[in-house]
Structures are given as structure tokens and as C-alpha cells.
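model_21.cif (mmCIF, C-alpha atoms)
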```cif
data_coords
loop_
_atom_site.label_atom_id
_atom_site.label_comp_id
_atom_site.auth_asym_id
_atom_site.auth_seq_id
_atom_site.Cartn_x
_atom_site.Cartn_y
_atom_site.Cartn_z
CA MET F 588 41.95 -21.51 41.26
CA ASN F 589 43.52 -23.33 38.37
CA ILE F 590 44.89 -20.62 36.07
CA LYS F 591 45.34 -23.01 33.18
CA PHE F 592 41.68 -24.01 33.47
CA LEU F 593 40.61 -20.35 33.34
CA ILE F 594 42.78 -19.62 30.33
CA GLY F 595 41.43 -22.69 28.59
CA LEU F 596 37.87 -21.69 29.39
CA LEU F 597 38.43 -18.21 27.99
CA PHE F 598 39.98 -19.54 24.82
CA PHE F 599 37.02 -21.80 24.28
CA ALA F 600 34.45 -19.17 25.29
CA ALA F 601 35.91 -16.36 23.17
CA PRO F 602 34.89 -17.87 19.81
CA ALA F 603 31.36 -18.18 21.12
CA PHE F 604 31.27 -14.43 21.86
CA ALA F 605 32.89 -13.51 18.59
CA GLN F 606 30.90 -15.91 16.42
CA ALA F 607 29.27 -14.11 13.48
CA ASP F 608 25.51 -14.47 13.41
CA HIS F 609 24.01 -16.65 10.80
CA GLN F 610 21.82 -14.59 8.48
CA TRP F 611 19.13 -15.16 5.93
CA ILE F 612 18.32 -12.76 3.13
CA LEU F 613 15.06 -12.84 1.21
CA GLN F 614 16.08 -13.32 -2.40
CA GLN F 615 12.79 -13.70 -4.23
CA SER F 616 9.22 -13.48 -3.10
CA SER F 617 5.70 -13.60 -4.34
CA LEU F 618 2.91 -12.54 -2.00
CA THR F 619 -0.60 -12.92 -3.33
CA TYR F 620 -3.78 -11.80 -1.61
CA HIS F 621 -7.11 -13.22 -2.66
CA VAL F 622 -10.38 -11.28 -2.42
CA SER F 623 -13.81 -12.82 -2.93
CA HIS F 624 -16.84 -10.89 -4.12
CA PRO F 625 -20.15 -12.27 -5.39
CA LEU F 626 -19.21 -10.95 -8.86
CA HIS F 627 -15.43 -11.19 -8.73
CA GLN F 628 -12.52 -13.28 -7.56
CA SER F 629 -9.49 -11.00 -7.48
CA GLU F 630 -5.85 -11.48 -6.70
CA GLY F 631 -3.12 -8.95 -6.11
CA VAL F 632 0.54 -9.88 -6.28
CA SER F 633 3.67 -8.22 -4.96
CA HIS F 634 7.24 -9.23 -5.70
CA GLU F 635 8.74 -6.34 -3.76
CA ALA F 636 9.02 -7.82 -0.28
CA ARG F 637 12.31 -7.37 1.56
CA GLY F 638 13.33 -9.70 4.33
CA LYS F 639 16.12 -10.61 6.68
CA GLY F 640 16.62 -13.31 9.24
CA VAL F 641 19.21 -13.23 12.00
CA CYS F 642 20.08 -16.40 13.86
CA HIS F 643 21.53 -16.33 17.32
CA GLN F 644 21.80 -18.96 20.00
CA GLY F 645 19.67 -21.42 18.09
CA GLN F 646 16.86 -18.98 17.33
CA CYS F 647 16.28 -17.04 14.11
CA ASP F 648 14.39 -13.74 14.08
CA PHE F 649 12.85 -12.89 10.75
CA LEU F 650 11.49 -9.58 9.51
CA ILE F 651 9.71 -9.23 6.19
CA ALA F 652 8.33 -5.94 4.89
CA VAL F 653 6.37 -5.23 1.76
CA PRO F 654 5.05 -1.87 0.52
CA VAL F 655 1.24 -1.89 0.42
CA LYS F 656 1.12 -0.09 -2.91
CA SER F 657 3.36 -2.70 -4.57
CA PHE F 658 0.44 -5.14 -4.87
CA ASP F 659 -0.79 -5.37 -8.44
CA SER F 660 -4.18 -6.87 -9.28
CA GLY F 661 -4.09 -5.89 -12.96
CA ASP F 662 -6.67 -3.16 -12.33
CA SER F 663 -5.31 0.25 -11.32
CA ASN F 664 -8.70 1.36 -10.01
CA ARG F 665 -8.96 -1.67 -7.72
CA ASP F 666 -5.36 -1.23 -6.55
CA LEU F 667 -5.97 2.40 -5.60
CA HIS F 668 -9.16 1.42 -3.84
CA MET F 669 -7.28 -1.31 -1.97
CA VAL F 670 -4.58 1.15 -0.86
CA GLN F 671 -7.32 3.51 0.34
CA ALA F 672 -9.31 0.82 2.14
CA VAL F 673 -6.27 -0.51 4.01
CA ARG F 674 -5.00 3.02 4.78
CA GLY F 675 -1.90 2.23 2.75
CA ALA F 676 -0.75 5.84 2.35
CA GLN F 677 -0.83 6.33 6.11
CA PHE F 678 0.62 2.90 6.90
CA PRO F 679 2.71 2.14 3.82
CA LEU F 680 4.25 -1.15 4.92
CA VAL F 681 3.06 -4.59 5.83
CA THR F 682 5.57 -6.12 8.21
CA VAL F 683 5.79 -9.70 9.33
CA ARG F 684 7.91 -10.82 12.26
CA THR F 685 8.50 -14.35 13.35
CA ARG F 686 10.98 -16.40 15.32
CA LEU F 687 11.94 -19.91 14.33
CA PRO F 688 14.38 -22.39 15.77
CA GLU F 689 17.59 -22.55 13.75
CA ASP F 690 17.09 -26.24 13.06
CA ALA F 691 13.57 -25.70 11.69
CA GLY F 692 14.97 -26.22 8.20
CA SER F 693 15.46 -29.90 8.87
CA SER F 694 11.73 -30.59 8.61
CA ALA F 695 9.48 -30.23 5.58
CA THR F 696 6.86 -28.22 7.45
CA VAL F 697 7.32 -25.64 10.14
CA HIS F 698 4.58 -24.02 12.21
CA ALA F 699 5.33 -20.35 12.67
CA ASP F 700 3.81 -17.73 14.96
CA LEU F 701 3.50 -14.63 12.81
CA GLU F 702 3.12 -11.08 14.06
CA ILE F 703 1.74 -8.97 11.23
CA GLN F 704 1.50 -5.19 11.22
CA PHE F 705 -0.87 -3.92 8.58
CA ALA F 706 -3.20 -0.95 8.24
CA GLY F 707 -2.04 0.41 11.59
CA GLN F 708 -3.01 -2.76 13.44
CA THR F 709 -1.10 -5.73 14.70
CA ALA F 710 -2.45 -9.25 14.42
CA GLU F 711 -0.90 -12.51 15.50
CA TYR F 712 -1.37 -15.76 13.65
CA LYS F 713 -0.36 -18.79 15.65
CA GLN F 714 1.06 -21.98 14.21
CA VAL F 715 0.78 -21.09 10.53
CA PRO F 716 2.00 -24.12 8.55
CA LEU F 717 4.79 -23.27 6.12
CA GLN F 718 6.33 -25.76 3.72
CA LEU F 719 10.11 -25.75 3.43
CA ALA F 720 12.23 -27.03 0.59
CA LYS F 721 16.02 -26.81 0.68
CA ASP F 722 17.94 -26.03 -2.47
CA GLY F 723 21.66 -25.68 -1.78
CA ASP F 724 22.16 -22.52 0.27
CA ASN F 725 18.58 -21.49 -0.43
CA PHE F 726 15.34 -22.31 1.26
CA ARG F 727 12.03 -22.10 -0.50
CA ILE F 728 9.12 -21.38 1.82
CA THR F 729 5.48 -21.59 0.80
CA GLY F 730 2.30 -21.25 2.77
CA THR F 731 -0.90 -19.32 3.25
CA VAL F 732 -1.56 -16.76 5.95
CA PRO F 733 -5.25 -16.94 6.93
CA ALA F 734 -5.67 -13.17 7.14
CA THR F 735 -9.05 -11.48 7.48
CA LEU F 736 -10.12 -7.86 7.08
CA SER F 737 -11.53 -7.74 10.59
CA ASP F 738 -8.15 -8.74 12.06
CA PHE F 739 -6.89 -5.34 10.92
CA LYS F 740 -10.12 -3.40 11.44
CA ILE F 741 -10.51 -2.81 7.70
CA ASP F 742 -13.99 -1.97 6.46
CA PRO F 743 -14.77 -4.42 3.65
CA PRO F 744 -14.70 -2.59 0.31
CA SER F 745 -17.87 -3.02 -1.72
CA LEU F 746 -18.72 -3.20 -5.38
CA LEU F 747 -22.27 -2.49 -6.53
CA THR F 748 -23.20 -2.30 -2.83
CA PHE F 749 -22.02 -5.90 -2.16
CA PRO F 750 -19.07 -6.05 0.26
CA VAL F 751 -16.16 -8.42 -0.30
CA LYS F 752 -15.75 -11.44 1.98
CA ASN F 753 -13.92 -10.98 5.26
CA GLU F 754 -11.32 -13.65 4.40
CA ILE F 755 -8.30 -12.40 2.44
CA PRO F 756 -5.87 -15.34 2.48
CA VAL F 757 -2.34 -14.38 1.50
CA ARG F 758 -0.32 -16.94 -0.41
CA VAL F 759 3.37 -16.69 0.39
CA GLU F 760 6.20 -17.97 -1.80
CA MET F 761 9.69 -16.97 -0.72
CA THR F 762 13.24 -17.95 -1.47
CA TRP F 763 15.74 -17.27 1.32
CA HIS F 764 19.48 -17.32 0.88
CA ALA F 765 21.84 -18.20 3.71
CA GLU F 766 24.67 -15.77 4.45
CA LYS F 767 27.39 -16.74 6.90
CA MET B 34 59.40 -7.42 45.05
CA ILE B 35 56.39 -9.01 43.44
CA ARG B 36 57.12 -10.83 40.20
CA PRO B 37 54.21 -10.81 37.75
CA ASN B 38 53.01 -14.25 36.80
CA PRO B 39 52.85 -14.58 32.94
CA ALA B 40 49.67 -16.66 33.21
CA ILE B 41 47.93 -13.93 35.22
CA LEU B 42 49.11 -11.30 32.73
CA ILE B 43 47.65 -13.30 29.83
CA LEU B 44 44.45 -13.78 31.79
CA CYS B 45 44.17 -10.03 32.46
CA ALA B 46 44.80 -9.25 28.80
CA LEU B 47 42.10 -11.71 27.72
CA PHE B 48 39.60 -10.25 30.19
CA ALA B 49 40.40 -6.77 28.92
CA ILE B 50 39.81 -7.84 25.31
CA ALA B 51 36.63 -9.72 26.20
CA SER B 52 35.17 -6.82 28.23
CA ALA B 53 36.10 -4.34 25.47
CA SER B 54 34.42 -6.44 22.79
CA LEU B 55 31.36 -6.91 25.00
CA SER B 56 31.03 -3.17 25.68
CA PHE B 57 31.49 -2.52 21.94
CA ALA B 58 28.73 -5.01 21.20
CA GLN B 59 26.48 -3.29 23.75
CA THR B 60 27.19 0.08 22.13
CA ASN B 61 26.22 -1.40 18.77
CA ASP B 62 23.07 -2.87 20.24
CA SER B 63 22.00 0.41 21.78
CA THR B 64 22.72 2.21 18.51
CA GLU B 65 20.63 -0.35 16.68
CA VAL B 66 17.71 0.08 19.03
CA SER B 67 17.82 3.86 18.83
CA THR B 68 18.05 3.84 15.04
CA PHE B 69 15.10 1.47 14.95
CA GLU B 70 13.15 3.92 17.06
CA ASN B 71 14.26 6.75 14.81
CA ALA B 72 13.21 4.80 11.75
CA ASP B 73 9.75 4.47 13.19
CA GLN B 74 9.59 8.06 14.36
CA PRO B 75 7.97 9.55 11.25
CA GLN B 76 5.25 6.90 11.36
CA GLU B 77 4.73 7.07 15.08
CA THR B 78 2.14 9.83 14.98
CA ALA B 79 0.13 7.96 12.42
CA GLN B 80 1.08 4.34 12.86
CA THR B 81 0.95 2.38 16.08
CA GLN B 82 4.05 0.26 15.75
CA THR B 83 4.48 -2.48 18.26
CA PRO B 84 8.05 -2.87 19.43
CA PRO B 85 10.16 -5.57 17.85
CA PRO B 86 10.70 -8.82 19.73
CA ASN B 87 12.74 -8.18 22.84
CA ASN B 88 15.92 -9.23 21.14
CA SER B 89 18.63 -6.86 20.01
CA GLN B 90 19.63 -9.39 17.35
CA ALA B 91 16.28 -9.11 15.59
CA PRO B 92 16.49 -7.32 12.24
CA SER B 93 15.00 -3.86 11.94
CA LEU B 94 13.28 -2.10 9.04
CA GLU B 95 16.53 -0.21 8.40
CA ASP B 96 18.28 -3.49 7.72
CA LEU B 97 15.95 -4.18 4.81
CA GLY B 98 17.17 -1.27 2.70
CA LEU B 99 13.73 0.16 2.01
CA SER B 100 13.71 3.67 0.57
CA PRO B 101 12.18 6.50 2.64
CA SER B 102 9.44 6.90 0.04
CA GLN B 103 8.42 3.32 0.75
CA THR B 104 8.32 3.73 4.52
CA GLN B 105 7.11 7.29 5.06
CA SER B 106 3.53 7.85 6.03
CA ASP B 107 1.68 10.29 3.77
CA PRO B 108 -1.51 11.52 5.47
CA GLN B 109 -2.18 13.97 2.62
CA LEU B 110 -2.20 11.16 0.07
CA GLN B 111 -4.45 9.13 2.39
CA ALA B 112 -6.88 12.06 2.59
CA ARG B 113 -6.81 12.34 -1.20
CA LEU B 114 -7.46 8.61 -1.57
CA ASP B 115 -10.31 8.81 0.95
CA LYS B 116 -11.93 11.68 -0.92
CA ARG B 117 -11.47 9.87 -4.23
CA ALA B 118 -12.99 6.65 -2.84
CA HIS B 119 -15.91 8.59 -1.33
CA MET B 120 -16.67 10.36 -4.62
CA LEU B 121 -16.35 7.19 -6.69
CA LYS B 122 -18.63 5.36 -4.27
CA ILE B 123 -21.30 8.00 -4.89
CA HIS B 124 -20.54 7.75 -8.62
CA GLN B 125 -21.09 3.99 -8.46
CA ARG B 126 -24.38 4.23 -6.54
CA LEU B 127 -25.77 7.04 -8.68
CA GLY B 128 -24.75 5.10 -11.79
CA LEU B 129 -26.82 2.15 -10.63
CA ILE B 130 -29.77 4.40 -9.77
CA THR B 131 -29.48 6.13 -13.18
CA ALA B 132 -29.83 2.78 -14.91
CA ILE B 133 -33.43 2.44 -13.62
CA PRO B 134 -34.99 5.56 -15.25
CA MET B 135 -32.73 4.97 -18.28
CA ILE B 136 -34.22 1.50 -18.87
CA ALA B 137 -37.70 2.93 -18.26
CA SER B 138 -37.00 5.76 -20.73
CA VAL B 139 -35.93 3.32 -23.43
CA ALA B 140 -38.98 1.14 -22.71
CA THR B 141 -41.43 4.07 -22.86
CA GLY B 142 -39.64 5.46 -25.92
CA PHE B 143 -40.97 2.65 -28.07
CA GLY B 144 -44.49 3.85 -27.34
CA ALA B 145 -43.78 7.56 -27.50
CA GLY B 146 -42.87 7.99 -31.15
CA GLY B 147 -45.37 5.78 -32.99
CA LYS B 148 -48.41 6.86 -34.97
CA SER B 149 -50.93 6.09 -32.26
CA THR B 150 -49.04 7.60 -29.35
CA SER B 151 -50.84 9.64 -26.79
CA THR B 152 -49.68 12.91 -25.26
CA SER B 153 -49.38 11.27 -21.85
CA ASP B 154 -46.96 8.63 -23.24
CA ARG B 155 -44.75 11.38 -24.61
CA TRP B 156 -44.88 13.32 -21.36
CA ALA B 157 -44.04 10.21 -19.35
CA HIS B 158 -41.12 9.53 -21.69
CA LEU B 159 -40.01 13.15 -21.40
CA ALA B 160 -40.16 13.04 -17.59
CA LEU B 161 -38.18 9.80 -17.41
CA GLY B 162 -35.64 11.14 -19.90
CA SER B 163 -35.21 14.30 -17.83
CA VAL B 164 -34.68 12.34 -14.62
CA THR B 165 -32.18 10.10 -16.44
CA GLY B 166 -30.28 13.13 -17.75
CA ASP B 167 -30.14 14.84 -14.35
CA LEU B 168 -28.96 11.68 -12.61
CA TYR B 169 -26.49 10.90 -15.40
CA PHE B 170 -24.73 14.25 -15.23
CA THR B 171 -24.67 14.18 -11.44
CA THR B 172 -23.10 10.70 -11.68
CA ALA B 173 -20.56 11.97 -14.20
CA TYR B 174 -19.68 14.92 -11.96
CA PHE B 175 -18.49 12.59 -9.17
CA ALA B 176 -16.23 10.68 -11.58
CA ILE B 177 -14.83 13.72 -13.37
CA PHE B 178 -14.05 15.66 -10.21
CA ALA B 179 -12.77 12.76 -8.09
CA PRO B 180 -9.13 13.57 -7.21
CA ARG B 181 -6.49 12.07 -9.49
CA ILE B 182 -3.63 10.17 -7.88
CA PRO B 183 -0.31 11.27 -9.40
CA GLY B 184 1.84 8.55 -10.92
CA THR B 185 -1.03 6.13 -11.49
CA GLN B 186 -1.20 4.41 -14.84
CA THR B 187 -4.67 3.29 -15.84
CA ARG B 188 -4.76 -0.49 -16.25
CA GLY B 189 -7.47 -3.11 -16.47
CA PRO B 190 -11.24 -2.93 -17.00
CA ILE B 191 -11.36 0.70 -15.89
CA ARG B 192 -9.87 1.58 -19.30
CA VAL B 193 -12.93 0.09 -21.01
CA HIS B 194 -15.18 1.89 -18.51
CA LYS B 195 -13.51 5.21 -19.32
CA ALA B 196 -13.46 4.59 -23.09
CA LEU B 197 -17.19 3.89 -23.10
CA ALA B 198 -17.77 7.31 -21.52
CA TRP B 199 -16.71 8.79 -24.87
CA ILE B 200 -19.77 7.10 -26.38
CA HIS B 201 -22.45 7.51 -23.72
CA GLY B 202 -21.26 11.01 -22.71
CA PRO B 203 -21.90 12.68 -26.09
CA GLY B 204 -24.92 10.39 -26.45
CA MET B 205 -26.43 11.78 -23.28
CA ILE B 206 -26.01 15.32 -24.63
CA LEU B 207 -27.36 14.49 -28.07
CA THR B 208 -30.30 12.30 -27.02
CA PRO B 209 -32.26 14.99 -25.11
CA ILE B 210 -31.63 17.56 -27.86
CA LEU B 211 -32.95 15.20 -30.52
CA GLY B 212 -35.75 14.18 -28.14
CA ALA B 213 -36.79 17.82 -27.67
CA ILE B 214 -36.94 18.35 -31.45
CA ALA B 215 -38.90 15.11 -31.89
CA PHE B 216 -41.27 16.09 -29.06
CA ASP B 217 -41.85 19.46 -30.66
CA GLN B 218 -42.54 17.93 -34.07
CA LYS B 219 -44.88 15.36 -32.58
CA SER B 220 -46.74 17.99 -30.54
CA LYS B 221 -47.37 19.92 -33.75
CA GLY B 222 -48.92 16.80 -35.21
CA GLU B 223 -46.01 16.26 -37.56
CA LYS B 224 -44.26 13.02 -38.21
CA VAL B 225 -40.83 12.97 -36.61
CA HIS B 226 -38.41 13.87 -39.36
CA GLY B 227 -34.93 15.13 -40.11
CA ILE B 228 -32.22 14.82 -37.52
CA ALA B 229 -34.85 14.15 -34.81
CA SER B 230 -35.57 10.76 -36.38
CA ALA B 231 -32.14 9.63 -35.03
CA HIS B 232 -33.32 10.19 -31.43
CA GLY B 233 -34.30 6.56 -30.86
CA ALA B 234 -31.14 5.09 -32.40
CA VAL B 235 -28.85 7.49 -30.53
CA ALA B 236 -30.68 6.75 -27.27
CA ILE B 237 -30.32 2.98 -27.71
CA VAL B 238 -26.59 3.25 -28.51
CA THR B 239 -26.17 5.56 -25.49
CA ALA B 240 -28.05 3.22 -23.16
CA GLY B 241 -26.08 0.24 -24.55
CA ALA B 242 -22.76 1.98 -23.93
CA PHE B 243 -23.88 2.99 -20.44
CA GLY B 244 -24.90 -0.60 -19.64
CA ALA B 245 -21.60 -1.91 -21.01
CA ALA B 246 -19.69 0.63 -18.90
CA LEU B 247 -21.55 -0.56 -15.83
CA LEU B 248 -20.82 -4.20 -16.60
CA SER B 249 -17.17 -3.53 -17.45
CA VAL B 250 -16.37 -2.80 -13.81
CA SER B 251 -18.84 -5.33 -12.41
CA LEU B 252 -17.99 -8.53 -14.22
CA LYS B 253 -14.57 -10.05 -14.69
CA PHE B 254 -13.61 -10.76 -18.25
#
```
Before anything else, please render the file you have as C-alpha cells.
Amino acid sequence: MNIKFLIGLLFFAAPAFAQADHQWILQQSSLTYHVSHPLHQSEGVSHEARGKGVCHQGQCDFLIAVPVKSFDSGDSNRDLHMVQAVRGAQFPLVTVRTRLPEDAGSSATVHADLEIQFAGQTAEYKQVPLQLAKDGDNFRITGTVPATLSDFKIDPPSLLTFPVKNEIPVRVEMTWHAEK
Amino acid sequence: MIRPNPAILILCALFAIASASLSFAQTNDSTEVSTFENADQPQETAQTQTPPPNNSQAPSLEDLGLSPSQTQSDPQLQARLDKRAHMLKIHQRLGLITAIPMIASVATGFGAGGKSTSTSDRWAHLALGSVTGDLYFTTAYFAIFAPRIPGTQTRGPIRVHKALAWIHGPGMILTPILGAIAFDQKSKGEKVHGIASAHGAVAIVTAGAFGAALLSVSLKF
């Protein structure tokens, strides 16, 4: 066997082993759920999401977590009721996992498969369209997750005996920062 | 004697370094997986966590720097929230039911105090007023004794709802007392006089505050 070839191969292969993974850190976020009721249209916002993305071999794994009780609708009574209805004390986090190709940032829209854990249940949302906008080392991602209460086996809360609608779309606005 | 070839020596050294770094990476990976499992451990009894994607590179909850208070399951708090929600649901339903005899009491009240009122009108008004009072205080019980959640600051329309209780609460104590005096005076054939003459006005203010309290949590403003 050609020794020089082997040495050369090792020298070229070594950097590939040692290469630091490309990472993304969630810098800013705004997650807004929308609830419809015959008498009310309510929104709850959280800015407390934490997120990290790790890229390896052309694929990036993202994890985003947000405390359930960090959502603020401007009404403490409604917020407490929401935490109760979604079993937020027992399951205090909403987590979102997704995997995207590393070059996804080159297009304006990416379709992501999201795995969401919420209220002790896991739901998958396939091909959720997310808009991407690059700003230097940052990426701004916006989109809406078409979540429903039944996806997570949540009994619809009611007001004056009227239950809220099953659809609770969650508007996502996130700014990710690249770390190398 | 065998002379070592420098190229083979370099090659061996490189393999040794590569295998060492690979085994180190594997150790890190296994540590990461076990710490992920440990991080989920407290929630495991309560929360059915699906495993992360089958990729040791995937970030874990520990990587996100969340505090234990944000990640720990609290079944006691959940039980407290459930009890609170259950009691407030009853409070809400009874409040709606109370509004029916209350409206009827106000409506019959206009015919109960006039000059040409009959005994049956007064008795009907008295009965409706009594039902309203009983339902009202039962409704209030479920709000007053619903568990409080520590660390919660009252915000939003619920503040108006609670503030209005300071009007309709005393009103619901005063109205029956004044009504009883007025009933007594009327039964004796007297014209309603003195403090009892405020019965109607107090009742209307009380019913108005009660209605406003109901609307304050029903309509967005």
C-alpha cells in the first residue's frame, strides 16, 4: 500500500473529524398563540423561548423550549386558566424539535417538519412553511404553526359555557445567531 | 535487526491520535445522552417525553440553560390549579344562573312597592329575592374559597370584576335587610319610609354592579 497516500488521506481526513460543529443560538423570539371564542379573540405572547441549533454533516438539529407559564395574554385569570387547561404545572415546557438542511438558509421559505411536545403529548406538523430573512450573522424566521387543542388532547376551555375553538395557531418570530 | 520506517511511525502516531480523539468524542456523546436522560428524569413519571432525534449531535434541554424551576414538573401546583379552575367554573355557572332570579326580582320589585300592590306581588318579590340571595352567596363562596396561586399578580379585566364585588357584595347584604324592613312596613299597611325607602335604589345599584361584573369577564374591552 502506498504509505504516502495513507498519510495524505489521514491529513485530509483529520480536519473533517476535528471540525467544530456549526451552531445557532436563539437570540430573540416572540411566540404568540391565538384563541377564538364567540365573545373573545385572545392572544398570549411569550418572549422567553430558548433555542439551539447544531449543524453536522449538512444537517442542523434545532431544539426550542418555552415555559408554558411565560405566555402573557394581559389577563392573569386567563393565563392561570390556560396553564391549568394545558397541564402546564405538570408539563412546564413546550419543546419543538426540527431538522433542517444546512443550506436551507439560501431560500426565502423553508418547509420544516416540527415535532412539538406540549401538555404531555407529542404532535408532528409536517412541512410547516417558515419564512427566512438573512441579516448578517443572524437569521430571522417567521411562520405560523397550525396547532390545535385536539392535537395535544386538551379539553377546550369554556367561557360562559361556550368552548373556545379547536384551532390555536401559534405565530412564531425568531432571530437566530450563527456561532462558529 | 528491523529498522523502523519513519513513515510507518508517523502513520501509527496519527492513528493513535485519531482513535483517541474518536473514543473521547464517544465518551462525550454517551455523557450527553445520559445527562439528557437525567434531565428528563424528574418529568418522566409525569411527562411522556419522546426521545430526541437519533442523533447525538442534537441539542438537549440542558444545552438551553433553563433553570430547574422552569423545567421541573409540579403535580401539587397542577392539583391546585385544577381545584381552582373547578371552583371558578362553578362560580361562573352559578353567577349566570343567579342573574335570572336577580333580573326577575328587579322586575317584580317595581310592582311590589307601589300603592296598589297586592300581597302576592310582595311575596313573589320576596321569594325571588331570597332565591337570588342564596344563589349569590353560594356563587361568592366558590370565588372566595378558590385556591390562590402564589406569585400571581392580578392583571386585566379580572381586576374590574373583583373591584365590582366591593359594590355588589355589600349591596347583596344591604338589599335584603332593607327589603325585610320595607316588607314589614308594607304588611302593616304603612307607606315604606325611613331607611327602607332606599331598598329599590340599593337593589338597582347592586344588580347593575353584578351585571357589570359579569360582562367585565365576558366581553373584551
Pull out every residue that the PyMOL selection byres ((chain B) within 7 of (chain F)) matches in the shown coordinates and put them as an MDAnalysis selection string.
chainID B and resid 40 44 79:81 90:92 97 103:108 110:111 114:115 118 125 186:191 251:253
Shell of 10 Å around Met120 (chain B), all atoms listed in the file, local chain residues under 6 positions omitted, as JSON, numbers by chain:
{"B": [114, 172, 174, 175, 176, 177, 178, 179, 180]}
What does the distance from CA of Ile206 (chain B) to CA of Ile237 (chain B) come to in Å, to one decimal?
13.4 Å
Taking (0.4, -6.8, -7.5) in the file's coordinates, which residues come within 7 Å, counting only C-alpha atoms, written as a PDB file with C-alpha atoms, keeping the file's coordinate frame?
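Generated file (out30.pdb):
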```pdb
ATOM      1  CA  GLY F 631      -3.120  -8.950  -6.110  1.00  0.00           C
ATOM      2  CA  VAL F 632       0.540  -9.880  -6.280  1.00  0.00           C
ATOM      3  CA  SER F 633       3.670  -8.220  -4.960  1.00  0.00           C
ATOM      4  CA  SER F 657       3.360  -2.700  -4.570  1.00  0.00           C
ATOM      5  CA  PHE F 658       0.440  -5.140  -4.870  1.00  0.00           C
ATOM      6  CA  ASP F 659      -0.790  -5.370  -8.440  1.00  0.00           C
ATOM      7  CA  SER F 660      -4.180  -6.870  -9.280  1.00  0.00           C
TER       8      SER F 660
END
```
Please rebuild region 171-178 of chain B with all heavy atoms and give the result as a compact mmCIF listing (two decimals), in the frame of the given file.
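Contents of result.txt, freshly written:
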```txt
# COMPACT_ATOMS: atom_id res chain seq x y z
N THR B 171 -25.13 14.15 -12.84
CA THR B 171 -24.67 14.18 -11.44
C THR B 171 -23.68 13.03 -11.21
O THR B 171 -22.64 13.21 -10.56
CB THR B 171 -25.87 14.03 -10.48
OG1 THR B 171 -26.88 14.95 -10.88
CG2 THR B 171 -25.48 14.32 -9.05
N THR B 172 -24.01 11.87 -11.77
CA THR B 172 -23.10 10.70 -11.68
C THR B 172 -21.75 11.03 -12.30
O THR B 172 -20.70 10.74 -11.71
CB THR B 172 -23.73 9.49 -12.40
OG1 THR B 172 -25.01 9.24 -11.86
CG2 THR B 172 -22.88 8.24 -12.26
N ALA B 173 -21.80 11.64 -13.48
CA ALA B 173 -20.56 11.97 -14.20
C ALA B 173 -19.72 12.96 -13.40
O ALA B 173 -18.49 12.84 -13.36
CB ALA B 173 -20.89 12.54 -15.57
N TYR B 174 -20.40 13.91 -12.75
CA TYR B 174 -19.68 14.92 -11.96
C TYR B 174 -18.76 14.25 -10.94
O TYR B 174 -17.59 14.65 -10.79
CB TYR B 174 -20.69 15.83 -11.25
CG TYR B 174 -20.07 16.71 -10.18
CD1 TYR B 174 -19.49 17.93 -10.51
CD2 TYR B 174 -20.04 16.29 -8.85
CE1 TYR B 174 -18.89 18.72 -9.53
CE2 TYR B 174 -19.44 17.08 -7.87
CZ TYR B 174 -18.87 18.29 -8.22
OH TYR B 174 -18.28 19.06 -7.25
N PHE B 175 -19.27 13.23 -10.24
CA PHE B 175 -18.49 12.59 -9.17
C PHE B 175 -17.29 11.80 -9.72
O PHE B 175 -16.32 11.57 -8.99
CB PHE B 175 -19.39 11.70 -8.30
CG PHE B 175 -20.23 12.50 -7.34
CD1 PHE B 175 -21.53 12.84 -7.65
CD2 PHE B 175 -19.70 12.94 -6.15
CE1 PHE B 175 -22.29 13.60 -6.78
CE2 PHE B 175 -20.44 13.71 -5.27
CZ PHE B 175 -21.75 14.05 -5.58
N ALA B 176 -17.38 11.37 -10.97
CA ALA B 176 -16.23 10.68 -11.58
C ALA B 176 -15.22 11.68 -12.10
O ALA B 176 -14.01 11.52 -11.90
CB ALA B 176 -16.70 9.78 -12.70
N ILE B 177 -15.73 12.73 -12.75
CA ILE B 177 -14.83 13.72 -13.37
C ILE B 177 -14.05 14.50 -12.31
O ILE B 177 -12.85 14.76 -12.48
CB ILE B 177 -15.64 14.67 -14.28
CG1 ILE B 177 -16.19 13.89 -15.50
CG2 ILE B 177 -14.79 15.86 -14.76
CD1 ILE B 177 -17.31 14.61 -16.25
N PHE B 178 -14.71 14.83 -11.22
CA PHE B 178 -14.05 15.66 -10.21
C PHE B 178 -13.45 14.88 -9.03
O PHE B 178 -12.98 15.48 -8.07
CB PHE B 178 -15.01 16.75 -9.72
CG PHE B 178 -15.30 17.76 -10.79
CD1 PHE B 178 -16.47 17.71 -11.53
CD2 PHE B 178 -14.37 18.75 -11.09
CE1 PHE B 178 -16.72 18.62 -12.55
CE2 PHE B 178 -14.61 19.67 -12.11
CZ PHE B 178 -15.79 19.61 -12.84
```
